[in-house]
There are 2 protein chains.
Amino acid sequence: MTATNTTSRLQKLRALMQSPEHNVTAFVVPSEDAHQSEYVAECDERRSYISGFTGSAGLAVVALDSAALFTDGRYFLQASQQLDSNWTLMKSGLPEVPTWQEYLVKNLPAGSRIADAYKLETDLAKVGSSLVPVANLVDLIWENRPARPASKLMTLSTKTTGRTHTEKIQQLRKDLEKKGVAGFVVSGLDEIAWLFNLRGADVHCNPVFFSYAIVTPDYVNLYLQEKSTSAEVREHLGAEVVVKSYETVFDDLRVLSTNLKANKQKFLLGSRTNLAMAVALGKENTTEARSPVTDAKAIKNETEMEGIRQCHLRDSAALINYFAWLEEQLANGVELDEADGAERLQQFRAEQAGFVGLSFDTISSTGPNGAIIHYKPEKPNAARINPDLVYLCDSGGQYIDGTTDVTRTLHFKTPSAHEKRCFTRVLQGHISIDSAVFPDGTSGYLLDILARRALWSDGLDFRHGTGHGVGAFLNVHEGPHGCGTRIAYNDIPLVPGMTLTNEPGYYEDGKFGIRIENVMLVRKANTLHNFGGRGYYGFEHVTLVPMQIKLIERSLLTHLEIEWLNAYHAECLEKVSPFLAKDSPGLKWLQREAVSI
Amino acid sequence: MTATNTTSRLQKLRALMQSPEHNVTAFVVPSEDAHQSEYVAECDERRSYISGFTGSAGLAVVALDSAALFTDGRYFLQASQQLDSNWTLMKSGLPEVPTWQEYLVKNLPAGSRIADAYKLETDLAKVGSSLVPVANLVDLIWENRPARPASKLMTLSTKTTGRTHTEKIQQLRKDLEKKGVAGFVVSGLDEIAWLFNLRGADVHCNPVFFSYAIVTPDYVNLYLQEKSTSAEVREHLGAEVVVKSYETVFDDLRVLSTNLKANKQKFLLGSRTNLAMAVALGKENTTEARSPVTDAKAIKNETEMEGIRQCHLRDSAALINYFAWLEEQLANGVELDEADGAERLQQFRAEQAGFVGLSFDTISSTGPNGAIIHYKPEKPNAARINPDLVYLCDSGGQYIDGTTDVTRTLHFKTPSAHEKRCFTRVLQGHISIDSAVFPDGTSGYLLDILARRALWSDGLDFRHGTGHGVGAFLNVHEGPHGCGTRIAYNDIPLVPGMTLTNEPGYYEDGKFGIRIENVMLVRKANTLHNFGGRGYYGFEHVTLVPMQIKLIERSLLTHLEIEWLNAYHAECLEKVSPFLAKDSPGLKWLQREAVSI
């Protein structure tokens, strides 16, 4: 990885910042696009363009005489390689390192005008600074900026979604009525895709499309790019949904602003809406809250749950085929690099019914590369898969009936006692989460310790969350809930119908990485009692790929953990075998691996 | 339990409230005294006097035309029996029941003047109401109010405290310097007792005395009641500590207020200081924070830790003697009530070296009474101890070298399968907490789930915290840390030297109660690794009384839990036997009970 020379880009940006028209002291460039997407289209990779740093998470602050890039532990190494000397790397999470908000408040003169950073306002007000919405200056200086994609949209029937978009809109209107607001602007791309039962391909690995929507008791406007619409889409949407042009949403918001003020009404503003929309709508005309669409989308209905189960069976079969193939190749002394592996795995997935694409770039990593948590192997730098080292593979697919995300860690020869012990501690954390039973009201923040406890007993830990929600043929990362040390997760109890990954790990820099990840559904638990009448919940795992037995140190396990593993393997064998060809290497591999210990 | 007629008391109080001199719309009567003590002297039992409700936790709000008593789940039954028809019982914690702050904001007309409720201010300001400090009106109407106790003080040497009061004051001054404040008013009674290495007996079971202290870089004032001082106390305190009269602290605060304003300095105000002190000092002259004395006191030094270990050996011996005696009496058909049991237990404790008194009223409870979490048996209502029912005993002592708090649950005949299963689930939670290893930075809020997990798996739970800090020959409940679902605990990581009880339970209303409680010390853990260089901690239990084997359903335990139990029993036998007389029933009981399973 090499650094990008950003001198000329920064010069141009600063010239614009100082121009009388814009006149801002600092320009904040987040990773997210206008829809607050975690993954963005190339044309929205502004932060990468201005800084040279290409990781998935990070935020740049360009002031007149400084430029700082904030990113987290997953990316310290990569950022230090990709940033040139114009930039200061701020290692978020380390002691003494300020948040970017603190940094702005501390480092800018009081009374500064700062462009685009919605959430900062309260702190800034204290020092007499203010946020100002300006045109996106990076776009103005970006040479050869890629065009905004506008994929053809796919319509989904209730066979996979379980509910029509009309029913979903009805529910949303009820939510809005309860909140006493006159309407809602939907700006999250996955929220819109879910609400209208449409899918696109505008963002790599995310089946979403550029759009906005406005929902009120009286009308529904869906703002789409011209090229995305079609007669099929219009027919699917029906007469009530008015399709308008993507670019016109801001004009409509400004008209709305006037009407709301005149009628003394308020709109709901999703807490992840961007500043420009809030300003167009008039903040005084809004009430801020988490998007009710996000909350509704998080709880899967029966049809979605069944789709999730089904696609995971096929996806597990694909992964099993790949592991069988990979093991055979390595046993035969074939030289393969990590990217070859990822490519072959994608082919196995593509053979499965309903396959649409990957849900994220496959992490296929050997030895030390496994310790780089968001590693992406790319030719010609991908390493040869060394059968003497631990191999970590984290991958997933988009299927018409669901989205998958699975990690397994394998060793193709003889693992060391240390590697086995670490793997077993991670497995114990995985089992502890999988078999947890908890009362209504319990958050993933509270469950997180179960994933770490066995590791902690050996003085080990991992520096990422334990789990995230997964969309139903949507984004592989989906909120609002999650399992991990982020205190925000404590506000959102886990309830039946939610998806959650279970992915504890352990990483030894320069040596190896271990992670074991399944997707689970939250469901009602059948407990002996029901103290307090609260209702008790547990998990149903839908990923069914065996854990490699040679990596398990059996003596560390309790009889309950052994029972769990044996039952899990029996379930893998029973449920995935029908998806593997007779006498195939995949079936043989499954039969050999999915055994009792 | 019967209700107290509060009609006349309320009439008198409301007349005072409406008098031009006071002119308040509502009067808030908390359980705590002016020092925010959890347990108070009789003369400070204002809330009990005005409402008739005598539980340890609760708050009364007297308005001109209503009176409400707020208390938690432990006291719903008792409060409903003790309140007369003048009162509305507010069951805190149930859905739909407001907090007392919400209740005030909702139920009082905007612009109300409300007496004494420091923390409420922000909410009240929103509705244009305000808090006003007034004389304590309950005192003015209280007929036959008991006199304020003023016990002779006991001086402690560094043999038990480990540090002189001069060293502690030096440390406090350093803390104040770091915080950039000119001084600190110490108002917590246990904070003052700890800081000056003095003990008293002004509050039942709490070795504290009425006092205030002011510490600045230049002087130390200790405000004591006349009768509490003595030549010995003055000699112990030395020349630097100026002893002043308890009643004069407010005059001094008002002088201080003027000086602070003149010098533009601030005093630190402990977050548990009462409103009257804040007003005397002038809120504008203060910075609010958790008391640094509370934080320092929570971390025991080596001498204190050794004292805590030693007194727990003697205390465990006393409890073992009692259980042996009780079992023999019941086997012989002797009729005993719960209060007889508590009395005999106190005698066994009194035989131990260094015994000063009880650390709280003994909970000696048979069958259904065990489900009343804060049950106190009193003649003539105490129930006969029925050997066919579960017996729960929660008790503790004050010793010159430490404070104890221990609960064991026993059955004298044959427990049911259900009772055994419940007991075993509680025991598994207890073992899980006891054997936890966790990295630096982990709070008791996060560990709490370990105490509940096994219970949850059967759909069971308990409605109280898992653990609290314990003083070193001081209050049996001590902050700032704790283990439980209170989010405030999440701000205070557990660090070596802290004490913590481990007391999961399970309660079946009208049937039985189960609780297993040990006192533990947080200490460094010897882990195989030290990932992230953070340091990993664990617990050392200091309570050594066997768990009753006949209540354990062995098949539910893992081999690790069985190993824990066997090791614990071996430790009980080894360490407590020397404190039991040769051939005594206690020693025989220990030898029979502290065995491997």
# chains A, B, ... in the order shown; residues from 1 in each chain; ligands from 1
$ closest_atom_pairs --of "chain A" --to "chain B" --cutoff "9 Å" --atoms "only C-alpha atoms" --output "JSON lines"
{"residue": "A:Ser435", "atom": "CA", "partner": "B:Ser457", "partner_atom": "CA", "distance": 8.9}
{"residue": "A:Ala436", "atom": "CA", "partner": "B:Ser457", "partner_atom": "CA", "distance": 7.3}
{"residue": "A:Val437", "atom": "CA", "partner": "B:Ser457", "partner_atom": "CA", "distance": 5.2}
{"residue": "A:Phe438", "atom": "CA", "partner": "B:Trp456", "partner_atom": "CA", "distance": 5.6}
{"residue": "A:Pro439", "atom": "CA", "partner": "B:Trp456", "partner_atom": "CA", "distance": 7.0}
{"residue": "A:Tyr445", "atom": "CA", "partner": "B:Leu446", "partner_atom": "CA", "distance": 8.5}
{"residue": "A:Leu446", "atom": "CA", "partner": "B:Leu446", "partner_atom": "CA", "distance": 6.3}
{"residue": "A:Leu447", "atom": "CA", "partner": "B:Ile449", "partner_atom": "CA", "distance": 7.5}
{"residue": "A:Asp448", "atom": "CA", "partner": "B:Leu446", "partner_atom": "CA", "distance": 8.7}
{"residue": "A:Ile449", "atom": "CA", "partner": "B:Leu446", "partner_atom": "CA", "distance": 7.0}
{"residue": "A:Leu450", "atom": "CA", "partner": "B:Leu450", "partner_atom": "CA", "distance": 8.1}
{"residue": "A:Arg452", "atom": "CA", "partner": "B:Phe438", "partner_atom": "CA", "distance": 8.8}
{"residue": "A:Arg453", "atom": "CA", "partner": "B:Val437", "partner_atom": "CA", "distance": 7.3}
{"residue": "A:Ala454", "atom": "CA", "partner": "B:Val437", "partner_atom": "CA", "distance": 8.7}
{"residue": "A:Trp456", "atom": "CA", "partner": "B:Phe438", "partner_atom": "CA", "distance": 5.6}
{"residue": "A:Ser457", "atom": "CA", "partner": "B:Val437", "partner_atom": "CA", "distance": 5.2}
{"residue": "A:Asp458", "atom": "CA", "partner": "B:Thr527", "partner_atom": "CA", "distance": 5.1}
{"residue": "A:Gly459", "atom": "CA", "partner": "B:His529", "partner_atom": "CA", "distance": 4.6}
{"residue": "A:Leu460", "atom": "CA", "partner": "B:Phe531", "partner_atom": "CA", "distance": 5.0}
{"residue": "A:Asp461", "atom": "CA", "partner": "B:Phe531", "partner_atom": "CA", "distance": 6.3}
{"residue": "A:Phe462", "atom": "CA", "partner": "B:Phe531", "partner_atom": "CA", "distance": 8.6}
{"residue": "A:Ala525", "atom": "CA", "partner": "B:Gly459", "partner_atom": "CA", "distance": 8.7}
{"residue": "A:Asn526", "atom": "CA", "partner": "B:Gly459", "partner_atom": "CA", "distance": 8.4}
{"residue": "A:Thr527", "atom": "CA", "partner": "B:Gly459", "partner_atom": "CA", "distance": 5.1}
{"residue": "A:Leu528", "atom": "CA", "partner": "B:Asp458", "partner_atom": "CA", "distance": 5.2}
{"residue": "A:His529", "atom": "CA", "partner": "B:Gly459", "partner_atom": "CA", "distance": 4.6}
{"residue": "A:Asn530", "atom": "CA", "partner": "B:Gly459", "partner_atom": "CA", "distance": 4.7}
{"residue": "A:Phe531", "atom": "CA", "partner": "B:Leu460", "partner_atom": "CA", "distance": 5.0}
{"residue": "A:Gly532", "atom": "CA", "partner": "B:Asp461", "partner_atom": "CA", "distance": 8.1}
{"residue": "A:Gly535", "atom": "CA", "partner": "B:Gly459", "partner_atom": "CA", "distance": 7.9}
{"residue": "A:Tyr536", "atom": "CA", "partner": "B:Gly459", "partner_atom": "CA", "distance": 6.3}
{"residue": "A:Thr558", "atom": "CA", "partner": "B:Thr558", "partner_atom": "CA", "distance": 6.0}
{"residue": "A:His559", "atom": "CA", "partner": "B:Thr558", "partner_atom": "CA", "distance": 6.6}
{"residue": "A:Leu560", "atom": "CA", "partner": "B:Thr558", "partner_atom": "CA", "distance": 7.3}
$ select_by_dssp --residues "region 361-425 of chain A" --states "helix (DSSP H, G or I)" --output "ChimeraX atom specification"
/A:367-371,417-425
$ write_last_selection --atoms "N, CA and C atoms" --output "mmCIF file, in the first residue's frame"
data_model
loop_
_atom_site.group_PDB
_atom_site.id
_atom_site.type_symbol
_atom_site.label_atom_id
_atom_site.label_comp_id
_atom_site.auth_asym_id
_atom_site.auth_seq_id
_atom_site.Cartn_x
_atom_site.Cartn_y
_atom_site.Cartn_z
ATOM 1 N N GLY A 367 -2.501 -16.986 8.012
ATOM 2 C CA GLY A 367 -1.545 -16.585 9.033
ATOM 3 C C GLY A 367 -1.741 -15.163 9.517
ATOM 4 N N PRO A 368 -0.670 -14.341 9.448
ATOM 5 C CA PRO A 368 -0.705 -12.981 9.997
ATOM 6 C C PRO A 368 -1.821 -12.118 9.404
ATOM 7 N N ASN A 369 -2.186 -12.363 8.137
ATOM 8 C CA ASN A 369 -3.246 -11.548 7.534
ATOM 9 C C ASN A 369 -4.583 -11.731 8.241
ATOM 10 N N GLY A 370 -4.758 -12.858 8.916
ATOM 11 C CA GLY A 370 -5.988 -13.100 9.666
ATOM 12 C C GLY A 370 -6.142 -12.155 10.841
ATOM 13 N N ALA A 371 -5.018 -11.576 11.277
ATOM 14 C CA ALA A 371 -5.070 -10.646 12.413
ATOM 15 C C ALA A 371 -5.455 -9.243 11.975
ATOM 16 N N ALA A 417 -0.517 -26.092 20.199
ATOM 17 C CA ALA A 417 -1.351 -26.156 21.407
ATOM 18 C C ALA A 417 -1.919 -24.770 21.708
ATOM 19 N N HIS A 418 -1.107 -23.736 21.480
ATOM 20 C CA HIS A 418 -1.562 -22.363 21.735
ATOM 21 C C HIS A 418 -2.700 -21.983 20.793
ATOM 22 N N GLU A 419 -2.551 -22.307 19.514
ATOM 23 C CA GLU A 419 -3.623 -22.004 18.562
ATOM 24 C C GLU A 419 -4.921 -22.738 18.942
ATOM 25 N N LYS A 420 -4.778 -23.987 19.377
ATOM 26 C CA LYS A 420 -5.956 -24.755 19.771
ATOM 27 C C LYS A 420 -6.636 -24.142 20.993
ATOM 28 N N ARG A 421 -5.818 -23.762 21.959
ATOM 29 C CA ARG A 421 -6.402 -23.182 23.177
ATOM 30 C C ARG A 421 -7.141 -21.877 22.842
ATOM 31 N N CYS A 422 -6.517 -21.032 22.017
ATOM 32 C CA CYS A 422 -7.165 -19.773 21.633
ATOM 33 C C CYS A 422 -8.467 -20.051 20.874
ATOM 34 N N PHE A 423 -8.407 -20.993 19.924
ATOM 35 C CA PHE A 423 -9.607 -21.328 19.149
ATOM 36 C C PHE A 423 -10.716 -21.818 20.077
ATOM 37 N N THR A 424 -10.346 -22.633 21.044
ATOM 38 C CA THR A 424 -11.340 -23.204 21.953
ATOM 39 C C THR A 424 -11.979 -22.118 22.818
ATOM 40 N N ARG A 425 -11.174 -21.157 23.274
ATOM 41 C CA ARG A 425 -11.726 -20.043 24.061
ATOM 42 C C ARG A 425 -12.720 -19.238 23.225
#
$ residues_around --residues "region 187-194 of chain B" --least-positions-apart "5" --cutoff "7 Å" --atoms "only C-alpha atoms" --output "JSON, numbers by chain"
{"B": [35, 36, 37, 199, 208, 209, 210, 211, 212, 213, 273, 293, 294, 297, 474, 475]}
$ write_last_selection --atoms "C-alpha atoms" --output "mmCIF file, in the first residue's frame"
data_model
loop_
_atom_site.group_PDB
_atom_site.id
_atom_site.type_symbol
_atom_site.label_atom_id
_atom_site.label_comp_id
_atom_site.auth_asym_id
_atom_site.auth_seq_id
_atom_site.Cartn_x
_atom_site.Cartn_y
_atom_site.Cartn_z
ATOM 1 C CA HIS B 35 -25.531 13.168 55.724
ATOM 2 C CA GLN B 36 -27.355 11.093 53.088
ATOM 3 C CA SER B 37 -26.945 8.038 55.311
ATOM 4 C CA ARG B 199 -15.609 5.102 65.011
ATOM 5 C CA VAL B 208 -20.380 6.194 62.606
ATOM 6 C CA PHE B 209 -20.998 9.441 64.455
ATOM 7 C CA PHE B 210 -22.652 12.756 63.616
ATOM 8 C CA SER B 211 -20.044 15.043 62.173
ATOM 9 C CA TYR B 212 -18.888 17.181 59.273
ATOM 10 C CA ALA B 213 -15.387 18.061 58.165
ATOM 11 C CA THR B 273 -24.245 16.525 49.786
ATOM 12 C CA VAL B 293 -13.067 10.267 50.064
ATOM 13 C CA THR B 294 -15.673 7.726 48.917
ATOM 14 C CA LYS B 297 -12.213 4.509 51.029
ATOM 15 C CA LEU B 474 -17.755 0.565 58.644
ATOM 16 C CA ASN B 475 -21.119 0.535 56.884
#
$ residues_around --residues "Leu319 (chain B)" --least-positions-apart "3" --cutoff "10 Å" --atoms "only C-alpha atoms" --output "PDB file with C-alpha atoms, in the first residue's frame"
ATOM      1  CA  ARG B 314     -14.060 -15.766  62.946  1.00  0.00           C
ATOM      2  CA  ASP B 315     -17.428 -14.696  61.611  1.00  0.00           C
ATOM      3  CA  SER B 316     -17.688 -17.853  59.506  1.00  0.00           C
ATOM      4  CA  TYR B 322     -25.068 -21.346  64.948  1.00  0.00           C
ATOM      5  CA  PHE B 323     -26.088 -23.656  62.107  1.00  0.00           C
ATOM      6  CA  ALA B 324     -24.814 -26.674  64.065  1.00  0.00           C
ATOM      7  CA  TRP B 325     -26.763 -25.557  67.141  1.00  0.00           C
ATOM      8  CA  LEU B 345     -26.520 -16.244  66.311  1.00  0.00           C
ATOM      9  CA  GLN B 346     -25.679 -12.876  67.835  1.00  0.00           C
ATOM     10  CA  PHE B 348     -22.129 -16.868  68.822  1.00  0.00           C
ATOM     11  CA  ARG B 349     -20.769 -13.753  67.100  1.00  0.00           C
ATOM     12  CA  CYS B 393     -30.271 -16.496  57.133  1.00  0.00           C
ATOM     13  CA  SER B 395     -26.462 -11.656  58.815  1.00  0.00           C
ATOM     14  CA  GLY B 396     -23.244  -9.884  59.589  1.00  0.00           C
ATOM     15  CA  VAL B 406     -23.107 -13.520  54.740  1.00  0.00           C
ATOM     16  CA  THR B 407     -26.189 -15.423  53.601  1.00  0.00           C
ATOM     17  CA  ARG B 408     -26.759 -19.149  53.590  1.00  0.00           C
ATOM     18  CA  LEU B 544     -15.966 -19.469  54.305  1.00  0.00           C
ATOM     19  CA  VAL B 545     -19.166 -21.288  55.194  1.00  0.00           C
ATOM     20  CA  GLY B 586     -19.679 -26.555  65.061  1.00  0.00           C
TER      21      GLY B 586
END
$ closest_residue --among "B:Gly73, B:Pro585, B:Gly307, B:Gly200" --to "Gln329 (chain B)" --atoms "only C-alpha atoms"
B:Pro585
$ residues_around --residues "Ser157 (chain B)" --least-positions-apart "4" --cutoff "9 Å" --atoms "only C-alpha atoms" --output "list in words"
Thr161, Gly162, Arg163, Thr164, Asn197 and His236 of chain B
$ write_last_selection --atoms "all heavy atoms" --output "mmCIF file, in the first residue's frame"
data_model
loop_
_atom_site.group_PDB
_atom_site.id
_atom_site.type_symbol
_atom_site.label_atom_id
_atom_site.label_comp_id
_atom_site.auth_asym_id
_atom_site.auth_seq_id
_atom_site.Cartn_x
_atom_site.Cartn_y
_atom_site.Cartn_z
ATOM 1 N N THR B 161 -6.155 0.134 60.513
ATOM 2 C CA THR B 161 -6.495 1.013 59.388
ATOM 3 C C THR B 161 -5.410 1.036 58.308
ATOM 4 O O THR B 161 -5.676 1.420 57.172
ATOM 5 C CB THR B 161 -6.694 2.465 59.860
ATOM 6 O OG1 THR B 161 -5.437 2.953 60.355
ATOM 7 C CG2 THR B 161 -7.743 2.549 60.954
ATOM 8 N N GLY B 162 -4.184 0.689 58.677
ATOM 9 C CA GLY B 162 -3.113 0.661 57.672
ATOM 10 C C GLY B 162 -2.532 2.029 57.350
ATOM 11 O O GLY B 162 -1.396 2.126 56.897
ATOM 12 N N ARG B 163 -3.296 3.061 57.560
ATOM 13 C CA ARG B 163 -2.807 4.409 57.250
ATOM 14 C C ARG B 163 -3.306 5.384 58.310
ATOM 15 O O ARG B 163 -4.432 5.275 58.789
ATOM 16 C CB ARG B 163 -3.322 4.871 55.872
ATOM 17 C CG ARG B 163 -2.732 4.091 54.727
ATOM 18 C CD ARG B 163 -3.436 4.437 53.430
ATOM 19 N NE ARG B 163 -2.999 5.721 52.903
ATOM 20 C CZ ARG B 163 -3.710 6.455 52.046
ATOM 21 N NH1 ARG B 163 -4.903 6.058 51.664
ATOM 22 N NH2 ARG B 163 -3.237 7.594 51.585
ATOM 23 N N THR B 164 -2.461 6.361 58.657
ATOM 24 C CA THR B 164 -2.872 7.374 59.638
ATOM 25 C C THR B 164 -3.843 8.342 58.976
ATOM 26 O O THR B 164 -3.895 8.468 57.746
ATOM 27 C CB THR B 164 -1.661 8.191 60.130
ATOM 28 O OG1 THR B 164 -1.119 8.900 59.003
ATOM 29 C CG2 THR B 164 -0.584 7.292 60.722
ATOM 30 N N ASN B 197 -9.970 7.951 61.061
ATOM 31 C CA ASN B 197 -9.716 6.726 61.834
ATOM 32 C C ASN B 197 -10.425 6.745 63.185
ATOM 33 O O ASN B 197 -9.846 6.394 64.223
ATOM 34 C CB ASN B 197 -8.207 6.495 62.012
ATOM 35 C CG ASN B 197 -7.532 6.122 60.697
ATOM 36 O OD1 ASN B 197 -8.190 5.661 59.762
ATOM 37 N ND2 ASN B 197 -6.228 6.312 60.629
ATOM 38 N N HIS B 236 -5.554 11.783 69.607
ATOM 39 C CA HIS B 236 -5.492 10.992 68.361
ATOM 40 C C HIS B 236 -5.455 11.911 67.141
ATOM 41 O O HIS B 236 -4.691 11.681 66.190
ATOM 42 C CB HIS B 236 -6.711 10.070 68.304
ATOM 43 C CG HIS B 236 -6.982 9.450 66.967
ATOM 44 N ND1 HIS B 236 -6.358 8.304 66.531
ATOM 45 C CD2 HIS B 236 -7.798 9.832 65.939
ATOM 46 C CE1 HIS B 236 -6.798 7.995 65.306
ATOM 47 N NE2 HIS B 236 -7.671 8.920 64.930
#
$ atom_distance --atom1 "CA of Leu269 (chain B)" --atom2 "CA of Asn221 (chain B)"
16.1 Å
$ atom_distance --atom1 "CA of Thr499 (chain B)" --atom2 "CA of Ala472 (chain B)"
9.0 Å
$ residues_around --residues "Glu338 (chain A)" --least-positions-apart "6" --cutoff "7 Å" --atoms "only C-alpha atoms" --output "ChimeraX atom specification"
/A:364-365,377,382-385
$ write_last_selection --atoms "N, CA, C and O atoms" --output "short mmCIF file (atom, residue, chain, number, x, y, z; two decimals), in the first residue's frame"
data_model
loop_
_atom_site.label_atom_id
_atom_site.label_comp_id
_atom_site.auth_asym_id
_atom_site.auth_seq_id
_atom_site.Cartn_x
_atom_site.Cartn_y
_atom_site.Cartn_z
N SER A 364 -10.36 -13.59 2.94
CA SER A 364 -9.71 -14.89 2.83
C SER A 364 -8.28 -14.62 3.25
O SER A 364 -7.55 -13.93 2.55
N SER A 365 -7.87 -15.13 4.43
CA SER A 365 -6.60 -14.67 4.99
C SER A 365 -5.81 -15.79 5.62
O SER A 365 -6.35 -16.63 6.34
N PRO A 377 -7.98 -9.54 0.38
CA PRO A 377 -6.86 -9.98 -0.46
C PRO A 377 -7.03 -9.44 -1.88
O PRO A 377 -8.12 -9.53 -2.44
N ALA A 382 -1.93 -10.48 -2.68
CA ALA A 382 -2.50 -11.54 -1.84
C ALA A 382 -1.42 -12.58 -1.52
O ALA A 382 -0.59 -12.90 -2.37
N ALA A 383 -1.44 -13.07 -0.29
CA ALA A 383 -0.41 -14.04 0.13
C ALA A 383 -0.82 -15.46 -0.28
O ALA A 383 -2.00 -15.76 -0.44
N ARG A 384 0.18 -16.31 -0.44
CA ARG A 384 -0.08 -17.72 -0.70
C ARG A 384 -0.72 -18.33 0.55
O ARG A 384 -0.30 -18.02 1.68
N ILE A 385 -1.75 -19.13 0.39
CA ILE A 385 -2.36 -19.79 1.54
C ILE A 385 -1.42 -20.89 2.00
O ILE A 385 -1.19 -21.87 1.31
#
$ residues_around --residues "region 148-154 of chain A" --least-positions-apart "5" --cutoff "7 Å" --atoms "only C-alpha atoms" --output "VMD selection string"
chain A and resid 43 198 to 202 225 227 to 229
$ closest_residue --among "A:Leu565, A:Pro95, A:Phe267, A:Asp361" --to "Glu177 (chain A)" --atoms "only C-alpha atoms"
A:Phe267
$ decode --residues "region 180-191 of chain B" --atoms "N, CA and C atoms" --output "CSV table (one decimal), in the first residue's frame"
chain,number,residue,atom,x,y,z
B,180,GLY,N,-8.2,21.1,41.1
B,180,GLY,CA,-8.2,22.6,41.0
B,180,GLY,C,-9.2,23.2,41.9
B,181,VAL,N,-9.5,22.6,43.1
B,181,VAL,CA,-10.5,23.2,44.0
B,181,VAL,C,-9.8,23.6,45.3
B,182,ALA,N,-10.4,24.5,46.0
B,182,ALA,CA,-9.8,25.1,47.2
B,182,ALA,C,-10.1,24.3,48.4
B,183,GLY,N,-11.0,23.3,48.3
B,183,GLY,CA,-11.3,22.5,49.5
B,183,GLY,C,-12.5,21.7,49.3
B,184,PHE,N,-12.9,20.9,50.4
B,184,PHE,CA,-13.9,19.9,50.3
B,184,PHE,C,-14.6,19.9,51.6
B,185,VAL,N,-16.0,19.8,51.5
B,185,VAL,CA,-16.8,19.6,52.8
B,185,VAL,C,-17.1,18.1,52.8
B,186,VAL,N,-16.7,17.4,53.8
B,186,VAL,CA,-17.0,16.0,53.9
B,186,VAL,C,-18.2,15.9,54.8
B,187,SER,N,-19.3,15.3,54.2
B,187,SER,CA,-20.5,15.2,54.9
B,187,SER,C,-21.0,13.8,55.2
B,188,GLY,N,-20.5,12.8,54.4
B,188,GLY,CA,-20.9,11.4,54.6
B,188,GLY,C,-20.3,10.9,55.9
B,189,LEU,N,-21.1,10.3,56.8
B,189,LEU,CA,-20.7,9.9,58.1
B,189,LEU,C,-19.6,8.8,58.0
B,190,ASP,N,-19.7,7.9,57.1
B,190,ASP,CA,-18.7,6.9,57.0
B,190,ASP,C,-17.4,7.4,56.3
B,191,GLU,N,-17.6,8.5,55.5
B,191,GLU,CA,-16.4,9.1,55.0
B,191,GLU,C,-15.5,9.7,56.1
